Structure formats: structure tokens, C-alpha cells
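*Asks:* Before I ask anything, let me first share the structure, which is written out below as C-alpha cells.
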Amino acid sequence: MIFGRLAEEIAREAGEMLLAKRPDRPQVLATKSSPTDVVTALDRACEELIRSRIRAVRPDDAILGEEGGQAGDGRVRWVVDPIDGTVNFLYGIPDWAVSIAVEADGEVIAGAVNVVPRGEVFTAVKGGGAWLAGERLRCNAGVPLEQALIATGFGYDSGRRRVQAEVLGQVLPRVRDIRRGGSAASDLCSVAAGRVDGYYERGLNAWDHAAGGLVAAEAGARVGGLAGRPGGSELLLCAAPELFEELHDLLLPLDPERDA
Ligand code: IPD
């Protein structure tokens, strides 16, 4: 499928650029929603590279990018995070990713997540499975909540973080353990690869979860919001269907911002 191949090709090229140009100590260029929400020069350069590659082949498609916002209004939209896990990128923690998804009429149909420092490119096309290095991925099934390794993440807003810490305090005693990887796209691919059993986070943006969410779904995970809506614009849950239900039931009463 052309979109899947193109997303993968561009994610690989963007990753090569970032590896070649990443200085030993990347500098913060600006802050966005809060002092902890940072952008480096390479976030912007990488998104520009991705936009120009998409435009060269698909000039009529819309593009939504973390740094540059929305351009165009075609029925096909590319959803781009040039560096998901910017704080890891800044500190040299090898868990950050280029994430590129393609939506048709609002539905994600292809995705590529290049976890650059690990040399891992996760890909998925709707209905075609999730793949890593030629291997088809399956998420872990049949893991009960109390034995589940759960990944999560935190937003940049201090008020939301306070709530997320309170929710975490209730979740931690109920599960095997918690991981905070620092890149939502990579975390979702970790669910797909069975490296964690589930993932939840409130307040993600489409560019954080669009590609990784498809990879996880194509590996057999259920991906959705707390109210069960597809896409999970607010609190995103991701796990094999049985664990999804358990996580949902645990989180629903805890989450003060719960979806209506
Ligand atoms: C962030 C990462 C992180 C998640 C945050 C995101 P960014 O994206 O995905 O894991 O917890 O909510 O904003 O800012 O590094 O592109």
C-alpha cells in the first residue's frame, strides 16, 4: 500500500537526518505549553523535511504536524510528530521516535514509528498487521491486571500532572509495575511488541498516538478512550481487550476529567 511504504520511507529518512545532525548536547530552542514542554532546532528541521517529502509526492494532502500545525484540508491527512520523546532526545536517552500516520476521512490507515536510537521501525497498514523487521507483532493476551506491566506518560501542564500523579498512586498498587518511557509513540509500539502489557495517558495529541495506536491495534490491542470512543482524544487506553476492560474499570472512577 502506497501510504504505508511512503510513511515508512519518510520516517526512515527523517531518522537518518536526526542521527546525523543530533549534537551531543541538543539545545532547547523554545518552550511551548509550559517551561517543561520544549522544542529543539531539530524538531523543526525534521518536521520541515517530512513536510517537503510529503508535499513532493502528495501535494493535495493535508498535513498536521506537532511544530507547524495544520496545512491543507484534503481528505487524506498526514499526522506527524518529528521527534516524539523530545525530552529523551535532549538528554540522550535512547527512546525517541519519528512518528508518521496517514488518515483517510479521519481514520488512520497507515503508520510508521521509527524509534531511531534503537534502529527499530514499526509499521502498520489498516487490516495488514503490525510489523517490525519482517516479524509480525502480537500484543500480550490473557494478562490479568495484577500481573500487568503498564506504561504511562504525563503531560506538561502542572495541574494535569498533579492529577496524573494521584491517579498513578491508585494504579501502581494494583499492577505488576509501571514504566514511564517518555515517548507515547514508542510506548504504543511496546504494547504491540509485548514489551509492556498496556498503556494509558490523558491529554495526548493526535501526533503522539496516531501511528503507534494503529501499530498496537494491528497487533491485536484495543485502543480507545475512557468512554470507549475510537481515537481516544482524551484518556487513551491501549491493551489486549480483556486487560483494556480491567484498566478501563480501574481508571474510570479515578479520573476526575473522565470523558462524558
Ligand atoms: C510527549 C511524549 C510523552 C508523553 C507526552 C507527550 P513530545 O511528546 O509522547 O511520552 O507523555 O504527553 O507530549 O512532546 O515528546 O513530542
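Quick note on naming: the chains in the C-alpha cells go A, B, ... in the order shown, residues restart at 1 in each chain, and ligands are numbered from 1 in order of appearance.
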List the neighbours of Ser158 in chain A out to 12 Å using only C-alpha atoms; skip same-chain residues closer than 2 positions along the sequence, and give me the result as a list in words.

*Replies:*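 Residues near the query, excluding close chain neighbours: Ser33, Ser34, Pro35, Thr36, Asp37, Phe154, Gly155, Tyr156, Arg160, Arg161, Arg162, Val163, Gln164 and Ala165 of chain A.
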
*Asks:* Find the spatial neighbours of Glu107 in chain A, counting only C-alpha atoms, within a cut-off of 12 Å - ignore same-chain residues fewer than 4 positions away - and output them as a PDB file with N, CA and C atoms, in the first residue's frame.

*Replies:*
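Wrote it out as out_26.pdb, contents follow:
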ATOM      1  N   ARG A  75      -8.844  15.126   1.921  1.00  0.00           N
ATOM      2  CA  ARG A  75      -9.464  14.021   2.668  1.00  0.00           C
ATOM      3  C   ARG A  75      -8.394  13.065   3.221  1.00  0.00           C
ATOM      4  N   VAL A  76      -7.201  13.148   2.652  1.00  0.00           N
ATOM      5  CA  VAL A  76      -6.064  12.408   3.220  1.00  0.00           C
ATOM      6  C   VAL A  76      -5.246  13.388   4.050  1.00  0.00           C
ATOM      7  N   ARG A  77      -4.965  12.982   5.294  1.00  0.00           N
ATOM      8  CA  ARG A  77      -4.184  13.863   6.168  1.00  0.00           C
ATOM      9  C   ARG A  77      -3.032  13.077   6.791  1.00  0.00           C
ATOM     10  N   TRP A  78      -1.853  13.658   6.739  1.00  0.00           N
ATOM     11  CA  TRP A  78      -0.665  13.079   7.364  1.00  0.00           C
ATOM     12  C   TRP A  78      -0.524  13.693   8.756  1.00  0.00           C
ATOM     13  N   VAL A  79      -0.282  12.847   9.730  1.00  0.00           N
ATOM     14  CA  VAL A  79      -0.185  13.313  11.119  1.00  0.00           C
ATOM     15  C   VAL A  79       1.237  13.004  11.594  1.00  0.00           C
ATOM     16  N   ALA A 101       1.695   9.153  10.600  1.00  0.00           N
ATOM     17  CA  ALA A 101       0.472   8.393  10.327  1.00  0.00           C
ATOM     18  C   ALA A 101      -0.233   9.014   9.128  1.00  0.00           C
ATOM     19  N   VAL A 102      -1.057   8.212   8.464  1.00  0.00           N
ATOM     20  CA  VAL A 102      -1.875   8.708   7.363  1.00  0.00           C
ATOM     21  C   VAL A 102      -3.333   8.401   7.684  1.00  0.00           C
ATOM     22  N   GLU A 103      -4.159   9.447   7.625  1.00  0.00           N
ATOM     23  CA  GLU A 103      -5.601   9.282   7.834  1.00  0.00           C
ATOM     24  C   GLU A 103      -6.328   9.480   6.503  1.00  0.00           C
ATOM     25  N   GLY A 111       0.700   3.710   9.338  1.00  0.00           N
ATOM     26  CA  GLY A 111       1.550   4.382  10.323  1.00  0.00           C
ATOM     27  C   GLY A 111       2.944   3.794  10.342  1.00  0.00           C
ATOM     28  N   VAL A 125      -0.400  -1.127   8.443  1.00  0.00           N
ATOM     29  CA  VAL A 125      -1.397  -0.658   7.479  1.00  0.00           C
ATOM     30  C   VAL A 125      -2.705  -1.253   7.941  1.00  0.00           C
ATOM     31  N   LYS A 126      -3.770  -0.488   7.890  1.00  0.00           N
ATOM     32  CA  LYS A 126      -5.053  -0.985   8.413  1.00  0.00           C
ATOM     33  C   LYS A 126      -5.433  -2.306   7.739  1.00  0.00           C
ATOM     34  N   ALA A 206      -3.009  14.094  18.667  1.00  0.00           N
ATOM     35  CA  ALA A 206      -3.101  13.091  17.593  1.00  0.00           C
ATOM     36  C   ALA A 206      -1.716  12.669  17.112  1.00  0.00           C
ATOM     37  N   ALA A 210      -1.289   8.672  16.812  1.00  0.00           N
ATOM     38  CA  ALA A 210      -1.959   8.169  15.603  1.00  0.00           C
ATOM     39  C   ALA A 210      -1.236   6.953  15.016  1.00  0.00           C
ATOM     40  N   ALA A 211       0.059   7.054  14.807  1.00  0.00           N
ATOM     41  CA  ALA A 211       0.779   5.942  14.165  1.00  0.00           C
ATOM     42  C   ALA A 211       0.942   4.770  15.137  1.00  0.00           C
ATOM     43  N   GLY A 213      -0.806   4.044  17.703  1.00  0.00           N
ATOM     44  CA  GLY A 213      -2.108   3.441  18.003  1.00  0.00           C
ATOM     45  C   GLY A 213      -2.500   2.415  16.950  1.00  0.00           C
ATOM     46  N   LEU A 214      -2.219   2.727  15.677  1.00  0.00           N
ATOM     47  CA  LEU A 214      -2.533   1.753  14.625  1.00  0.00           C
ATOM     48  C   LEU A 214      -1.630   0.518  14.745  1.00  0.00           C
ATOM     49  N   PRO A 230     -13.460   5.556  19.724  1.00  0.00           N
ATOM     50  CA  PRO A 230     -12.227   5.287  18.995  1.00  0.00           C
ATOM     51  C   PRO A 230     -11.367   6.545  18.942  1.00  0.00           C
ATOM     52  N   GLY A 231     -10.076   6.370  18.889  1.00  0.00           N
ATOM     53  CA  GLY A 231      -9.200   7.535  18.759  1.00  0.00           C
ATOM     54  C   GLY A 231      -8.713   8.043  20.090  1.00  0.00           C
TER      55      GLY A 231
END

*Asks:* Pull the strand (DSSP E or B) assignments for range 8-250 of chain A out of DSSP run on the backbone, and list those residues as a PyMOL selection string.

*Replies:* chain A and resi 28-31+38-40+62-65+69-71+76-84+97-104+107-115+120-125+130-132+135-136+149-152+177-179+198-202+222-225+235-239

*Asks:* Please check which protein, DNA or RNA residues sit within 10 Å of ligand 1, counting only C-alpha atoms and all ligand atoms, and write them as a PyMOL selection string.

*Replies:* chain A and resi 32-33+36-39+43+66-67+80-90+95-99+151-157+180-188+200-205+207-209

*Asks:* Do you know which residues are at most 7 Å from Ala219 in chain A counting only C-alpha atoms, after dropping those on the same chain fewer than 6 positions away, and could you put them as an NGL selection string?

*Replies:* :A and (129-130 or 137-139 or 192)

*Asks:* Grab the residues selected above and save them as a short mmCIF file (atom, residue, chain, number, x, y, z; two decimals), in the first residue's frame with N, CA, C and O atoms.

*Replies:*
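That gives us selection32.cif:
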data_model
loop_
_atom_site.label_atom_id
_atom_site.label_comp_id
_atom_site.auth_asym_id
_atom_site.auth_seq_id
_atom_site.Cartn_x
_atom_site.Cartn_y
_atom_site.Cartn_z
N GLY A 129 -1.86 -5.90 9.53
CA GLY A 129 -0.98 -6.33 10.61
C GLY A 129 0.04 -5.26 10.99
O GLY A 129 0.14 -4.22 10.35
N ALA A 130 0.75 -5.55 12.08
CA ALA A 130 1.80 -4.65 12.58
C ALA A 130 3.12 -5.40 12.45
O ALA A 130 3.20 -6.60 12.73
N LEU A 137 3.80 -8.60 14.60
CA LEU A 137 3.73 -8.38 16.05
C LEU A 137 2.37 -8.82 16.60
O LEU A 137 1.35 -8.65 15.95
N ARG A 138 2.39 -9.35 17.83
CA ARG A 138 1.15 -9.66 18.56
C ARG A 138 1.32 -9.11 19.98
O ARG A 138 2.34 -9.37 20.63
N CYS A 139 0.33 -8.40 20.46
CA CYS A 139 0.42 -7.90 21.83
C CYS A 139 0.20 -9.08 22.81
O CYS A 139 -0.31 -10.13 22.40
N ALA A 192 2.43 -3.29 21.29
CA ALA A 192 2.32 -4.16 20.11
C ALA A 192 3.34 -5.29 20.18
O ALA A 192 3.04 -6.43 19.81
#

*Asks:* Between CA of Gly212 in chain A and CA of Lys21 in chain A, measure the distance and give it in Å to one decimal.

*Replies:* 24.7 Å

*Asks:* Report, in Å with one decimal, the straight-line distance from CA of Leu42 in chain A to CA of Val113 in chain A.

*Replies:*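 Distance between the two atoms: 17.3 Å.
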
*Asks:* Give me, as a compact mmCIF listing (two decimals) with N, CA and C atoms, in the first residue's frame, all polymer residues having an atom no more than 9 Å from range 146-150 of chain A, counting only C-alpha atoms and skipping those fewer than 3 positions away in the same chain.

*Replies:*
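Result file is selection08.txt:
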# COMPACT_ATOMS: atom_id res chain seq x y z
N VAL A 143 -3.29 -11.42 30.11
CA VAL A 143 -2.57 -10.96 31.32
C VAL A 143 -3.55 -10.27 32.24
N LEU A 172 -0.64 2.08 40.67
CA LEU A 172 0.60 1.34 40.99
C LEU A 172 0.40 0.14 41.93
N PRO A 173 -0.39 0.29 43.01
CA PRO A 173 -0.55 -0.88 43.90
C PRO A 173 -1.37 -2.02 43.28
N ARG A 174 -1.99 -1.77 42.13
CA ARG A 174 -2.90 -2.76 41.53
C ARG A 174 -2.28 -3.54 40.38
N VAL A 175 -1.04 -3.17 39.96
CA VAL A 175 -0.45 -3.79 38.77
C VAL A 175 0.94 -4.33 39.09
N ARG A 176 1.53 -5.06 38.13
CA ARG A 176 2.89 -5.60 38.36
C ARG A 176 3.88 -4.46 38.58
N ASP A 177 3.83 -3.48 37.68
CA ASP A 177 4.71 -2.31 37.81
C ASP A 177 4.32 -1.30 36.73
N ILE A 178 4.94 -0.14 36.84
CA ILE A 178 4.67 0.97 35.91
C ILE A 178 5.98 1.34 35.20
N ARG A 179 5.88 1.69 33.94
CA ARG A 179 7.00 2.25 33.19
C ARG A 179 6.59 3.60 32.63
N ARG A 180 7.53 4.58 32.67
CA ARG A 180 7.31 5.87 32.03
C ARG A 180 8.45 6.02 31.03
N VAL A 191 3.54 -1.92 23.45
CA VAL A 191 2.37 -2.78 23.68
C VAL A 191 2.27 -3.79 22.53
N ARG A 195 6.28 -5.83 24.95
CA ARG A 195 7.31 -5.40 25.92
C ARG A 195 6.69 -4.77 27.15
N VAL A 196 5.48 -4.30 27.02
CA VAL A 196 4.63 -3.95 28.15
C VAL A 196 3.25 -4.51 27.81
N ASP A 197 2.39 -4.61 28.84
CA ASP A 197 1.08 -5.21 28.59
C ASP A 197 0.02 -4.17 28.23
N GLY A 198 0.21 -2.95 28.70
CA GLY A 198 -0.81 -1.94 28.42
C GLY A 198 -0.24 -0.56 28.60
N TYR A 199 -1.04 0.43 28.22
CA TYR A 199 -0.60 1.82 28.26
C TYR A 199 -1.82 2.71 28.47
N TYR A 200 -1.65 3.75 29.26
CA TYR A 200 -2.71 4.76 29.34
C TYR A 200 -2.07 6.13 29.52
N LEU A 243 -7.61 -6.98 29.17
CA LEU A 243 -6.90 -6.05 30.06
C LEU A 243 -7.42 -4.63 29.86

*Asks:* Enter the distance from CA of His248 in chain A to CA of Gly106 in chain A, in Å, rounded to one decimal.

*Replies:* 24.4 Å

*Asks:* Residues within 9 Å of Ala41 in chain A, please, as a ChimeraX atom specification. Count only C-alpha atoms; anything in the same chain fewer than 2 positions from it doesn't count.

*Replies:* /A:26-30,39,43-46

*Asks:* Please dump the current selection as a tab-separated table (two decimals), in the first residue's frame; keep N, CA, C and O atoms.

*Replies:*
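Writing the result to result.tsv gives the following:
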chain	number	residue	atom	x	y	z
A	26	PRO	N	21.93	18.63	22.57
A	26	PRO	CA	20.97	19.49	21.86
A	26	PRO	C	20.48	20.61	22.76
A	26	PRO	O	20.33	20.41	23.98
A	27	GLN	N	20.28	21.77	22.18
A	27	GLN	CA	19.85	22.93	22.96
A	27	GLN	C	18.35	23.13	22.81
A	27	GLN	O	17.79	22.89	21.74
A	28	VAL	N	17.73	23.61	23.89
A	28	VAL	CA	16.32	23.98	23.82
A	28	VAL	C	16.20	25.28	23.04
A	28	VAL	O	16.88	26.26	23.36
A	29	LEU	N	15.36	25.28	22.01
A	29	LEU	CA	15.20	26.47	21.18
A	29	LEU	C	14.10	27.36	21.74
A	29	LEU	O	14.17	28.58	21.71
A	30	ALA	N	13.04	26.71	22.24
A	30	ALA	CA	11.89	27.47	22.75
A	30	ALA	C	11.09	26.54	23.64
A	30	ALA	O	11.30	25.32	23.65
A	39	VAL	N	11.13	22.59	22.62
A	39	VAL	CA	11.34	22.29	21.20
A	39	VAL	C	12.81	22.58	20.87
A	39	VAL	O	13.39	23.53	21.37
A	43	ASP	N	13.67	19.45	16.01
A	43	ASP	CA	12.23	19.17	15.89
A	43	ASP	C	11.71	19.89	14.64
A	43	ASP	O	11.00	19.32	13.82
A	44	ARG	N	12.08	21.17	14.54
A	44	ARG	CA	11.54	21.99	13.44
A	44	ARG	C	12.14	21.57	12.10
A	44	ARG	O	11.42	21.44	11.11
A	45	ALA	N	13.45	21.35	12.07
A	45	ALA	CA	14.09	20.97	10.80
A	45	ALA	C	13.56	19.63	10.31
A	45	ALA	O	13.31	19.44	9.12
A	46	CYS	N	13.35	18.72	11.24
A	46	CYS	CA	12.88	17.39	10.87
A	46	CYS	C	11.45	17.46	10.34
A	46	CYS	O	11.12	16.83	9.32

*Asks:* Could you name the residues that touch Arg25 in chain A at 9 Å or less, counting only C-alpha atoms, but leaving out those on the same chain fewer than 3 positions away, as number ranges by chain?

*Replies:* A: 22, 90-92

*Asks:* Write a file of the selected residues as a PDB file, in the first residue's frame, keeping all heavy atoms.

*Replies:*
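Dumped to out17.pdb:
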ATOM      1  N   ARG A  22      22.167  15.186  15.187  1.00  0.00           N
ATOM      2  CA  ARG A  22      21.951  15.403  16.624  1.00  0.00           C
ATOM      3  C   ARG A  22      23.277  15.759  17.305  1.00  0.00           C
ATOM      4  O   ARG A  22      24.210  14.962  17.307  1.00  0.00           O
ATOM      5  CB  ARG A  22      21.366  14.144  17.278  1.00  0.00           C
ATOM      6  CG  ARG A  22      21.053  14.355  18.753  1.00  0.00           C
ATOM      7  CD  ARG A  22      20.586  13.092  19.461  1.00  0.00           C
ATOM      8  NE  ARG A  22      20.407  13.378  20.863  1.00  0.00           N
ATOM      9  CZ  ARG A  22      21.397  13.437  21.751  1.00  0.00           C
ATOM     10  NH1 ARG A  22      22.643  13.203  21.385  1.00  0.00           N
ATOM     11  NH2 ARG A  22      21.150  13.746  23.012  1.00  0.00           N
ATOM     12  N   LEU A  90      16.695  15.231  24.133  1.00  0.00           N
ATOM     13  CA  LEU A  90      17.533  16.267  24.741  1.00  0.00           C
ATOM     14  C   LEU A  90      18.606  15.663  25.649  1.00  0.00           C
ATOM     15  O   LEU A  90      19.749  16.095  25.659  1.00  0.00           O
ATOM     16  CB  LEU A  90      16.602  17.162  25.568  1.00  0.00           C
ATOM     17  CG  LEU A  90      16.992  18.562  25.920  1.00  0.00           C
ATOM     18  CD1 LEU A  90      17.216  19.383  24.669  1.00  0.00           C
ATOM     19  CD2 LEU A  90      15.856  19.203  26.752  1.00  0.00           C
ATOM     20  N   TYR A  91      18.214  14.645  26.403  1.00  0.00           N
ATOM     21  CA  TYR A  91      19.118  14.050  27.390  1.00  0.00           C
ATOM     22  C   TYR A  91      19.906  12.855  26.848  1.00  0.00           C
ATOM     23  O   TYR A  91      20.681  12.244  27.586  1.00  0.00           O
ATOM     24  CB  TYR A  91      18.323  13.602  28.634  1.00  0.00           C
ATOM     25  CG  TYR A  91      17.971  14.755  29.555  1.00  0.00           C
ATOM     26  CD1 TYR A  91      16.923  15.612  29.257  1.00  0.00           C
ATOM     27  CD2 TYR A  91      18.709  14.990  30.716  1.00  0.00           C
ATOM     28  CE1 TYR A  91      16.603  16.665  30.090  1.00  0.00           C
ATOM     29  CE2 TYR A  91      18.397  16.044  31.557  1.00  0.00           C
ATOM     30  CZ  TYR A  91      17.342  16.877  31.241  1.00  0.00           C
ATOM     31  OH  TYR A  91      17.034  17.931  32.062  1.00  0.00           O
ATOM     32  N   GLY A  92      19.669  12.476  25.604  1.00  0.00           N
ATOM     33  CA  GLY A  92      20.386  11.321  25.059  1.00  0.00           C
ATOM     34  C   GLY A  92      19.869   9.995  25.583  1.00  0.00           C
ATOM     35  O   GLY A  92      20.593   8.994  25.591  1.00  0.00           O
TER      36      GLY A  92
END
